[in-house]
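Chemist: Following this line is structure_0.cif, made up of mmCIF, C-alpha atoms:
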```
data_coords
loop_
_atom_site.label_atom_id
_atom_site.label_comp_id
_atom_site.auth_asym_id
_atom_site.auth_seq_id
_atom_site.Cartn_x
_atom_site.Cartn_y
_atom_site.Cartn_z
CA MET G 1 -164.35 40.14 36.19
CA ALA G 2 -165.06 43.86 35.81
CA LYS G 3 -163.16 45.70 33.08
CA GLY G 4 -161.35 47.81 35.71
CA SER G 5 -160.02 44.70 37.44
CA ARG G 6 -158.92 43.16 34.14
CA THR G 7 -157.05 46.33 33.21
CA ARG G 8 -155.46 46.44 36.65
CA ILE G 9 -154.18 42.87 36.29
CA ARG G 10 -152.93 43.57 32.77
CA ILE G 11 -150.94 46.52 34.13
CA LEU G 12 -149.55 44.47 37.01
CA SER G 13 -148.52 41.58 34.74
CA ALA G 14 -146.58 44.01 32.56
CA ALA G 15 -145.14 45.68 35.67
CA VAL G 16 -143.84 42.39 37.11
CA GLU G 17 -142.28 41.45 33.75
CA THR G 18 -140.56 44.83 33.69
CA ALA G 19 -139.35 44.39 37.27
CA CYS G 20 -137.86 40.97 36.43
CA LEU G 21 -135.79 42.65 33.72
CA ASN G 22 -135.09 46.13 35.10
CA GLY G 23 -136.00 46.09 38.77
CA PHE G 24 -138.77 48.01 40.52
CA ASN G 25 -137.02 51.34 40.15
CA GLY G 26 -137.20 50.70 36.41
CA LEU G 27 -141.02 50.79 36.61
CA ASN G 28 -141.64 54.10 34.92
CA LEU G 29 -145.27 55.02 34.37
CA GLN G 30 -144.98 56.42 30.84
CA PRO G 31 -143.41 53.38 29.08
CA LEU G 32 -145.60 51.03 31.12
CA ALA G 33 -148.74 52.96 30.11
CA GLU G 34 -147.68 52.76 26.45
CA ARG G 35 -147.04 49.05 26.76
CA VAL G 36 -150.55 48.29 28.02
CA GLY G 37 -152.21 50.80 25.69
CA LEU G 38 -153.22 53.41 28.26
CA THR G 39 -152.39 57.05 28.70
CA LYS G 40 -150.23 57.95 31.68
CA SER G 41 -153.27 59.52 33.35
CA GLY G 42 -155.28 56.36 32.60
CA LEU G 43 -152.62 54.39 34.46
CA TYR G 44 -152.68 56.94 37.28
CA ALA G 45 -156.39 56.21 37.68
CA HIS G 46 -155.39 52.69 38.79
CA PHE G 47 -152.25 53.52 40.78
CA GLY G 48 -151.93 57.03 42.12
CA SER G 49 -148.12 57.00 42.21
CA LYS G 50 -145.05 55.06 41.12
CA GLU G 51 -144.72 53.87 44.71
CA ALA G 52 -148.29 52.52 44.80
CA LEU G 53 -147.61 50.71 41.53
CA GLN G 54 -144.37 49.24 42.94
CA VAL G 55 -146.18 47.93 46.02
CA ALA G 56 -149.01 46.45 43.94
CA ALA G 57 -146.46 44.87 41.56
CA LEU G 58 -144.66 43.28 44.54
CA ASP G 59 -147.99 41.80 45.69
CA HIS G 60 -148.71 40.52 42.19
CA ALA G 61 -145.24 38.92 41.99
CA ALA G 62 -145.86 37.35 45.42
CA ALA G 63 -149.16 35.87 44.19
CA LEU G 64 -147.34 34.35 41.19
CA PHE G 65 -144.62 33.03 43.52
CA GLN G 66 -147.23 31.49 45.82
CA GLU G 67 -148.98 29.88 42.85
CA SER G 68 -145.89 28.50 41.10
CA VAL G 69 -143.52 27.73 44.02
CA VAL G 70 -145.42 27.20 47.27
CA ALA G 71 -148.89 25.86 46.32
CA PRO G 72 -147.77 22.91 44.11
CA ALA G 73 -145.77 21.47 47.03
CA LYS G 74 -149.02 20.69 48.82
CA ALA G 75 -149.48 17.82 46.35
CA VAL G 76 -146.35 16.01 47.60
CA PRO G 77 -145.97 14.24 50.96
CA ALA G 78 -145.32 16.41 54.01
CA GLY G 79 -141.83 16.64 55.52
CA LEU G 80 -138.66 16.64 53.45
CA PRO G 81 -140.35 15.90 50.08
CA ARG G 82 -142.46 19.04 50.45
CA LEU G 83 -139.52 21.18 51.59
CA ALA G 84 -137.37 19.89 48.71
CA GLY G 85 -140.24 20.52 46.30
CA VAL G 86 -140.50 24.16 47.33
CA PHE G 87 -136.72 24.55 47.13
CA GLU G 88 -136.50 23.05 43.62
CA ARG G 89 -139.37 25.23 42.35
CA TRP G 90 -137.80 28.25 44.00
CA LEU G 91 -134.63 27.58 42.00
CA GLU G 92 -136.73 27.64 38.81
CA TRP G 93 -138.54 30.83 39.77
CA PRO G 94 -139.33 33.16 37.99
CA ALA G 95 -139.01 31.19 34.72
CA GLY G 96 -141.33 28.54 36.19
CA ALA G 97 -144.06 31.18 36.39
CA GLY G 98 -143.52 32.16 32.74
CA LEU G 99 -141.65 35.33 33.65
CA PRO G 100 -138.59 36.68 31.85
CA GLY G 101 -135.32 37.66 33.53
CA HIS G 102 -134.42 36.98 37.14
CA CYS G 103 -135.95 36.92 40.62
CA PRO G 104 -137.63 40.30 41.11
CA PHE G 105 -137.47 39.98 44.91
CA PHE G 106 -133.68 39.64 44.98
CA ALA G 107 -133.42 42.59 42.57
CA ALA G 108 -135.67 44.60 44.90
CA VAL G 109 -133.46 43.77 47.92
CA VAL G 110 -130.56 45.60 46.25
CA GLU G 111 -132.82 48.51 45.34
CA PHE G 112 -134.54 48.91 48.70
CA ASP G 113 -132.05 47.70 51.31
CA ASP G 114 -131.41 51.25 52.47
CA GLN G 115 -134.39 53.02 50.94
CA ASP G 116 -136.98 53.18 53.73
CA GLY G 117 -140.65 53.53 52.83
CA PRO G 118 -143.72 51.57 51.76
CA VAL G 119 -141.96 49.51 49.05
CA ARG G 120 -139.26 48.30 51.42
CA ASP G 121 -141.91 47.64 54.10
CA ARG G 122 -143.97 45.49 51.75
CA LEU G 123 -140.94 43.55 50.49
CA LEU G 124 -139.86 42.94 54.08
CA ARG G 125 -143.32 41.59 54.92
CA LEU G 126 -143.28 39.29 51.88
CA PHE G 127 -139.86 37.90 52.85
CA ARG G 128 -141.05 37.41 56.45
CA ASP G 129 -144.12 35.56 55.18
CA PHE G 130 -141.98 33.29 53.03
CA ARG G 131 -139.49 32.78 55.86
CA GLU G 132 -142.43 31.61 57.97
CA VAL G 133 -143.55 29.21 55.23
CA LEU G 134 -140.04 27.74 55.09
CA GLU G 135 -139.78 27.51 58.89
CA GLN G 136 -143.04 25.57 59.02
CA LEU G 137 -141.86 23.19 56.29
CA ILE G 138 -138.58 22.69 58.17
CA ALA G 139 -140.36 22.09 61.50
CA SER G 140 -142.60 19.55 59.78
CA ALA G 141 -139.56 17.78 58.28
CA VAL G 142 -138.06 17.59 61.79
CA ARG G 143 -141.31 16.08 63.17
CA HIS G 144 -141.22 13.50 60.37
CA GLY G 145 -137.66 12.60 61.33
CA HIS G 146 -136.33 13.84 57.99
CA LEU G 147 -134.16 16.50 59.59
CA PRO G 148 -132.07 16.14 62.80
CA PRO G 149 -133.93 17.02 66.02
CA GLY G 150 -131.47 19.84 66.89
CA THR G 151 -132.42 21.76 63.76
CA VAL G 152 -133.02 25.48 64.28
CA PRO G 153 -135.47 26.51 61.53
CA GLY G 154 -134.21 30.13 61.42
CA GLN G 155 -130.68 28.82 60.76
CA THR G 156 -131.86 26.48 58.03
CA VAL G 157 -133.83 29.28 56.34
CA HIS G 158 -130.74 31.52 56.39
CA GLU G 159 -128.81 28.81 54.55
CA LEU G 160 -131.61 28.07 52.07
CA VAL G 161 -131.70 31.76 51.15
CA ALA G 162 -127.92 31.58 50.81
CA LEU G 163 -128.17 28.69 48.35
CA ARG G 164 -130.85 30.39 46.27
CA TYR G 165 -128.68 33.49 45.99
CA ALA G 166 -125.57 31.53 45.00
CA HIS G 167 -127.68 29.67 42.45
CA HIS G 168 -128.61 32.98 40.85
CA TRP G 169 -124.98 34.12 40.89
CA GLY G 170 -123.60 30.89 39.45
CA ARG G 171 -126.26 30.21 36.85
CA ASP G 172 -127.37 33.66 35.72
CA PHE G 173 -124.27 35.75 36.21
CA MET G 174 -121.25 33.38 36.01
CA ARG G 175 -123.22 31.15 33.57
CA ASP G 176 -121.40 28.19 35.11
CA PRO G 177 -122.97 24.87 34.01
CA ALA G 178 -121.87 23.23 37.29
CA THR G 179 -124.21 25.49 39.26
CA LEU G 180 -127.26 23.24 39.63
CA ALA G 181 -125.15 20.28 40.75
CA ARG G 182 -123.36 22.45 43.32
CA THR G 183 -126.58 23.88 44.68
CA ARG G 184 -128.02 20.38 45.08
CA VAL G 185 -124.89 19.05 46.80
CA ALA G 186 -125.09 21.94 49.27
CA PHE G 187 -128.83 21.39 49.81
CA ALA G 188 -128.29 17.70 50.52
CA ALA G 189 -125.52 18.53 53.01
CA LEU G 190 -127.74 21.08 54.73
CA ILE G 191 -130.53 18.52 55.04
CA ARG G 192 -128.13 15.95 56.57
CA ARG G 193 -126.91 18.53 59.07
CA GLY G 194 -130.29 20.19 59.54
CA GLY G 195 -128.91 23.56 60.53
CA SER G 196 -128.29 23.22 64.24
CA ALA G 197 -127.32 26.32 66.17
CA ALA G 198 -123.71 25.22 66.65
CA MET H 1 -98.42 61.82 41.23
CA ALA H 2 -99.36 63.89 38.16
CA LYS H 3 -102.44 66.12 38.47
CA GLY H 4 -104.26 64.05 35.83
CA SER H 5 -103.79 60.85 37.82
CA ARG H 6 -104.92 62.51 41.04
CA THR H 7 -108.07 63.79 39.35
CA ARG H 8 -108.71 60.37 37.86
CA ILE H 9 -108.50 58.73 41.27
CA ARG H 10 -110.72 61.41 42.80
CA ILE H 11 -113.34 60.68 40.12
CA LEU H 12 -113.08 56.92 40.65
CA SER H 13 -113.39 57.22 44.44
CA ALA H 14 -116.59 59.23 44.00
CA ALA H 15 -117.81 56.76 41.36
CA VAL H 16 -117.31 53.72 43.63
CA GLU H 17 -119.09 55.50 46.51
CA THR H 18 -121.98 56.24 44.16
CA ALA H 19 -122.06 52.62 42.95
CA CYS H 20 -122.21 51.34 46.56
CA LEU H 21 -125.34 53.43 47.06
CA ASN H 22 -127.03 53.41 43.64
CA GLY H 23 -125.33 50.73 41.55
CA PHE H 24 -123.23 51.17 38.43
CA ASN H 25 -126.19 52.14 36.28
CA GLY H 26 -126.65 55.02 38.70
CA LEU H 27 -123.25 56.41 37.62
CA ASN H 28 -124.40 59.40 35.64
CA LEU H 29 -121.68 61.67 34.31
CA GLN H 30 -123.31 65.03 35.04
CA PRO H 31 -123.91 64.62 38.81
CA LEU H 32 -120.57 62.86 39.20
CA ALA H 33 -118.78 65.73 37.40
CA GLU H 34 -120.49 68.23 39.70
CA ARG H 35 -119.50 66.24 42.76
CA VAL H 36 -115.80 66.28 41.91
CA GLY H 37 -115.89 69.89 40.65
CA LEU H 38 -115.41 69.20 36.94
CA THR H 39 -117.48 70.00 33.90
CA LYS H 40 -119.06 67.05 32.13
CA SER H 41 -116.60 67.52 29.26
CA GLY H 42 -113.76 67.65 31.80
CA LEU H 43 -114.90 64.27 33.08
CA TYR H 44 -115.20 62.99 29.50
CA ALA H 45 -111.51 63.84 29.03
CA HIS H 46 -110.73 61.11 31.58
CA PHE H 47 -113.39 58.55 30.59
CA GLY H 48 -114.76 58.74 27.09
CA SER H 49 -118.10 57.14 27.97
CA LYS H 50 -120.30 56.05 30.84
CA GLU H 51 -119.30 52.46 30.06
CA ALA H 52 -115.57 53.26 30.28
CA LEU H 53 -116.22 54.95 33.62
CA GLN H 54 -118.17 51.91 34.87
CA VAL H 55 -115.33 49.56 33.93
CA ALA H 56 -112.72 51.81 35.56
CA ALA H 57 -114.91 52.11 38.69
CA LEU H 58 -115.16 48.30 38.88
CA ASP H 59 -111.37 48.08 38.72
CA HIS H 60 -111.03 50.73 41.41
CA ALA H 61 -113.53 48.87 43.64
CA ALA H 62 -111.55 45.66 43.03
CA ALA H 63 -108.34 47.39 44.11
CA LEU H 64 -110.03 48.53 47.33
CA PHE H 65 -111.36 44.99 47.86
CA GLN H 66 -107.91 43.52 47.33
CA GLU H 67 -106.40 46.02 49.78
CA SER H 68 -109.01 45.67 52.54
CA VAL H 69 -110.12 42.01 52.23
CA VAL H 70 -107.46 39.87 50.54
CA ALA H 71 -104.09 41.50 51.32
CA PRO H 72 -104.41 41.69 55.15
CA ALA H 73 -104.94 37.90 55.30
CA LYS H 74 -101.31 37.40 54.28
CA ALA H 75 -100.35 38.47 57.81
CA VAL H 76 -102.14 35.47 59.38
CA PRO H 77 -100.97 31.82 59.19
CA ALA H 78 -101.68 29.91 55.98
CA GLY H 79 -104.52 27.39 55.83
CA LEU H 80 -107.82 27.85 57.65
CA PRO H 81 -106.82 30.99 59.60
CA ARG H 82 -106.10 32.78 56.33
CA LEU H 83 -109.29 31.54 54.66
CA ALA H 84 -111.37 32.54 57.71
CA GLY H 85 -109.62 35.92 57.78
CA VAL H 86 -110.60 36.63 54.17
CA PHE H 87 -114.16 35.46 54.82
CA GLU H 88 -114.58 37.66 57.92
CA ARG H 89 -113.20 40.72 56.13
CA TRP H 90 -115.40 39.96 53.14
CA LEU H 91 -118.42 40.08 55.48
CA GLU H 92 -117.33 43.57 56.58
CA TRP H 93 -116.75 44.78 53.02
CA PRO H 94 -117.42 47.49 51.83
CA ALA H 95 -117.67 49.28 55.22
CA GLY H 96 -114.22 47.91 56.11
CA ALA H 97 -112.81 49.89 53.19
CA GLY H 98 -114.53 53.07 54.40
CA LEU H 99 -117.23 52.86 51.74
CA PRO H 100 -120.91 53.68 52.27
CA GLY H 101 -123.82 51.39 51.39
CA HIS H 102 -123.49 47.79 50.27
CA CYS H 103 -121.30 45.50 48.17
CA PRO H 104 -121.04 47.14 44.74
CA PHE H 105 -120.17 43.81 43.08
CA PHE H 106 -123.38 42.11 44.21
CA ALA H 107 -125.35 45.18 43.08
CA ALA H 108 -123.62 44.96 39.70
CA VAL H 109 -124.54 41.26 39.34
CA VAL H 110 -128.23 42.22 39.36
CA GLU H 111 -127.59 45.04 36.90
CA PHE H 112 -125.43 43.13 34.44
CA ASP H 113 -126.54 39.51 34.68
CA ASP H 114 -128.25 39.73 31.30
CA GLN H 115 -126.66 42.89 29.94
CA ASP H 116 -123.79 41.68 27.77
CA GLY H 117 -120.88 44.01 27.08
CA PRO H 118 -117.63 45.32 28.53
CA VAL H 119 -119.00 46.03 32.03
CA ARG H 120 -120.36 42.51 32.46
CA ASP H 121 -117.12 41.09 30.99
CA ARG H 122 -114.99 42.97 33.49
CA LEU H 123 -117.20 42.04 36.44
CA LEU H 124 -117.07 38.39 35.35
CA ARG H 125 -113.27 38.54 35.23
CA LEU H 126 -113.11 40.11 38.69
CA PHE H 127 -115.35 37.37 40.13
CA ARG H 128 -113.27 34.70 38.40
CA ASP H 129 -110.10 36.21 39.86
CA PHE H 130 -111.60 36.21 43.35
CA ARG H 131 -112.94 32.68 42.89
CA GLU H 132 -109.36 31.63 42.08
CA VAL H 133 -108.06 33.38 45.21
CA LEU H 134 -110.62 31.50 47.31
CA GLU H 135 -109.88 28.18 45.61
CA GLN H 136 -106.18 28.58 46.37
CA LEU H 137 -106.93 29.41 50.02
CA ILE H 138 -109.18 26.35 50.23
CA ALA H 139 -106.59 24.08 48.60
CA SER H 140 -103.99 25.37 51.05
CA ALA H 141 -106.34 24.67 54.00
CA VAL H 142 -106.77 21.11 52.68
CA ARG H 143 -102.98 20.66 52.45
CA HIS H 144 -102.66 21.89 56.06
CA GLY H 145 -105.25 19.30 57.14
CA HIS H 146 -107.71 22.04 58.15
CA LEU H 147 -110.33 20.93 55.62
CA PRO H 148 -111.28 17.31 54.76
CA PRO H 149 -109.23 15.74 51.95
CA GLY H 150 -112.34 15.20 49.77
CA THR H 151 -112.99 18.94 49.56
CA VAL H 152 -113.81 20.23 46.06
CA PRO H 153 -112.68 23.89 46.07
CA GLY H 154 -115.28 24.93 43.45
CA GLN H 155 -118.05 23.55 45.68
CA THR H 156 -116.70 25.32 48.75
CA VAL H 157 -116.45 28.62 46.85
CA HIS H 158 -120.08 28.26 45.70
CA GLU H 159 -121.15 27.91 49.33
CA LEU H 160 -118.95 30.77 50.57
CA VAL H 161 -120.55 33.05 47.99
CA ALA H 162 -123.92 31.76 49.19
CA LEU H 163 -123.12 32.72 52.78
CA ARG H 164 -121.89 36.18 51.82
CA TYR H 165 -125.12 36.80 49.94
CA ALA H 166 -127.34 35.59 52.80
CA HIS H 167 -125.32 37.79 55.14
CA HIS H 168 -126.18 40.80 53.00
CA TRP H 169 -129.84 39.80 52.90
CA GLY H 170 -130.13 39.14 56.64
CA ARG H 171 -128.10 42.06 57.94
CA ASP H 172 -128.74 44.82 55.41
CA PHE H 173 -132.22 44.02 54.16
CA MET H 174 -134.00 42.04 56.90
CA ARG H 175 -131.93 43.92 59.54
CA ASP H 176 -132.00 40.75 61.62
CA PRO H 177 -129.55 40.93 64.56
CA ALA H 178 -129.11 37.12 64.47
CA THR H 179 -127.46 37.35 61.03
CA LEU H 180 -123.78 37.37 61.98
CA ALA H 181 -124.21 34.39 64.34
CA ARG H 182 -126.07 32.44 61.64
CA THR H 183 -123.45 33.18 59.01
CA ARG H 184 -120.69 32.03 61.36
CA VAL H 185 -122.54 28.81 62.29
CA ALA H 186 -122.94 28.02 58.59
CA PHE H 187 -119.28 28.85 57.89
CA ALA H 188 -118.12 26.55 60.70
CA ALA H 189 -120.34 23.74 59.37
CA LEU H 190 -118.97 24.24 55.86
CA ILE H 191 -115.41 24.05 57.17
CA ARG H 192 -116.15 20.80 59.05
CA ARG H 193 -117.67 19.31 55.92
CA GLY H 194 -115.22 20.93 53.53
CA GLY H 195 -117.55 20.93 50.57
CA SER H 196 -117.11 17.50 49.10
CA ALA H 197 -118.74 16.73 45.77
CA ALA H 198 -121.41 14.49 47.30
#
```
Go ahead and express the file in the form of C-alpha cells.

Modeler:
Amino acid sequence: MAKGSRTRIRILSAAVETACLNGFNGLNLQPLAERVGLTKSGLYAHFGSKEALQVAALDHAAALFQESVVAPAKAVPAGLPRLAGVFERWLEWPAGAGLPGHCPFFAAVVEFDDQDGPVRDRLLRLFRDFREVLEQLIASAVRHGHLPPGTVPGQTVHELVALRYAHHWGRDFMRDPATLARTRVAFAALIRRGGSAA
Amino acid sequence: MAKGSRTRIRILSAAVETACLNGFNGLNLQPLAERVGLTKSGLYAHFGSKEALQVAALDHAAALFQESVVAPAKAVPAGLPRLAGVFERWLEWPAGAGLPGHCPFFAAVVEFDDQDGPVRDRLLRLFRDFREVLEQLIASAVRHGHLPPGTVPGQTVHELVALRYAHHWGRDFMRDPATLARTRVAFAALIRRGGSAA
C-alpha cells in the first residue's frame, strides 16, 4: 500500500474513533492532525475540508460496520440464524469492531437530521443500504418459514432499528443491567409476530 | 412575577429552543446572552456556569414535556386510552410544545451518555421519573384489562422508548412518510402482547 493510502487510513481510523466519542461535528482538523502527527495543511492535502473528512469518516465507519456486523453472518445458515446473527453483532457494535464510545451513526443522526448537505446525504445512503441488507435478510427468513408469511420487511426493519436504539439508551445511558434481556425478549416477540402491516 | 424570575424564564425558553436545534453542548453563554438582550455577566448572574444553565434548561424542558405530553392525558379515561394518549403526544413532542427541532432529551443522551456529572445525573433522573410515569400507566392498563395480565411494565417501557426513537429516525432523519403508520402498527402489536417477560 502506498504511503499516501496508509496515511489516509490512519487519519480515518483516528477520525472514526473521535466520532464515536464526540460525534462528527467534533471532528476538528487541528486536534486530529496533531493526533496523527501531521500538520493541519498536511491533513488538508488528504481531505480538502472538514465536510470531506466527515464523509470519508462515515464511509470508513461503514466499512468497519460491514466487516464486523454484516460479513460474519454469511458464515451462519441463511434465514433467521443469519438475521439474528446480524442483530446480535449490531448490538455489540461499535465495541465489536474495537472502537471506543457509542454508535457513530446514531450520533450522526442527531447531528445531521436537519442539517442538509453532503454529510447528511451520505449518512442517509448508508442507512438505506443497511435497511436493504436487513430487508433481504428478513425476506429470506420468510422464505425459510422462520418468519410469518404476512411479514412486511419495511415494518420489521423499523422495529429492529427501534430495538437497537432502546438498547443504546438502556445500556449506555440508563446503565440498566436488564437491558440486554429486554432487548432479546422484544426481538423474540418481533420474530414470532414477523412485523405484519396490521 | 418578579423581574428576575421573568428574565430567568426568558433565558431558559431560549436555552431549550437552542438545545432542540443544537443540543445542550451547543448552549454557549455569549450567543444566548445576546439573544435575550443581556450581557454575558448579566446571564452569569442567573446561572453561575454553563453546567448550571444546562441543568436548569433540562428542568425547563421537562416542565414543558410534563405540560404538553403527560398532563393532558389526565383528561382521557384511565387505562389504555390514557397510555395511548401519552404515547401519541410523545410522538408529537417537541413540536406539540411549540418548540423547534427535535427531542432535546434524546439529543442529550448522545451528548451525556459517557460524560459523568450533574447534567447527566439530572437527565438520568428525568428519564427515571418518566419511566415511572409510563410504568404506572401500564400497570393501570393491566388492571383495567386493556393489557395482558403477564405484562412486565419495565419491558413495555423499554419497547415504548424503542418506538419513540425509531419514530425520530424514520420521520426526522430518513424523512420516510410511512413512519407514523409503522410506529402505530408496532404500538398496537405491543399493546396486544403487553410486553411479557418471555

Chemist: For this structure, which residues satisfy the selection - the PyMOL selection byres ((chain G) within 9 of (chain H)) - when it is evaluated on the file as given? I want them as an NGL selection string.

Modeler: :G and (21-23 or 101-102 or 106-107 or 109-114 or 120 or 124 or 127-128 or 154-155 or 158-167 or 169-170 or 172-174 or 179 or 181-183 or 185-186 or 188-189 or 193 or 195-198)

Chemist: List every protein, DNA or RNA residue with an atom no more than 9 Å from (-111.4, 42.1, 49.9) in the file's coordinates, counting only C-alpha atoms, and format the result as a list in words.

Modeler: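 Result, sorted by chain then residue number: Ala62, Ala63, Leu64, Phe65, Gln66, Glu67, Ser68, Val69, Val70, Ala71, Pro72, Val86, Phe87, Arg89, Trp90, Trp93, Pro94, Gly96, Ala97 and Phe130 of chain H.
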
Chemist: Atom CA of G:Ala19 and atom CA of G:Gln54, how far apart in Å?

Modeler: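 About the pair atom CA of G:Gln54 and atom CA of G:Ala19: they are 9.0 Å apart.
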
Chemist: Selected by the PyMOL selection byres ((chain G and resi 46) around 10) in the shown coordinates: which residues, as a list in words?

Modeler: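 When the PyMOL selection byres ((chain G and resi 46) around 10) is applied to the shown file, the picked residues are Gly4, Ser5, Thr7, Arg8, Ile11, Ser41, Gly42, Leu43, Tyr44, Ala45, Phe47, Gly48, Ser49, Ala52 and Leu53 of chain G.
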
Chemist: Grab the atom CA of G:Phe187 to atom CA of G:Val133 distance for me, in Å with one decimal place.

Modeler: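 Between atom CA of G:Phe187 and atom CA of G:Val133 the gap works out to 17.5 Å.
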
Chemist: Kindly indicate which residue among G:Ala78, G:Leu180, G:Ala14, G:Ile191 lies nearest to G:Leu91, using only C-alpha atoms for the distances.

Modeler: G:Leu180

Chemist: Tell me which of H:Gly194, H:Pro177, H:Gly37, H:Pro81 sits closest to H:Gly150, counting all atoms listed in the file.

Modeler: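 Nearest candidate to H:Gly150 out of H:Gly194, H:Pro177, H:Gly37, H:Pro81: H:Gly194.
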
Chemist: Which residues are close to H:Ala15, i.e. within 9 Å by all atoms listed in the file, leaving aside same-chain residues fewer than 5 positions away? Reply as a list in words.

Modeler: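 Contacts, with the query itself left out: Arg10, Cys20, Phe24, Leu27, Leu32, Leu53, Gln54 and Ala57 of chain H.
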
Chemist: If you measure from atom CA of G:Asp59 to atom CA of G:Glu88, what distance in Å do you get, rounded to one decimal?

Modeler: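 Atom-to-atom, atom CA of G:Asp59 and atom CA of G:Glu88 are spaced 22.1 Å apart.
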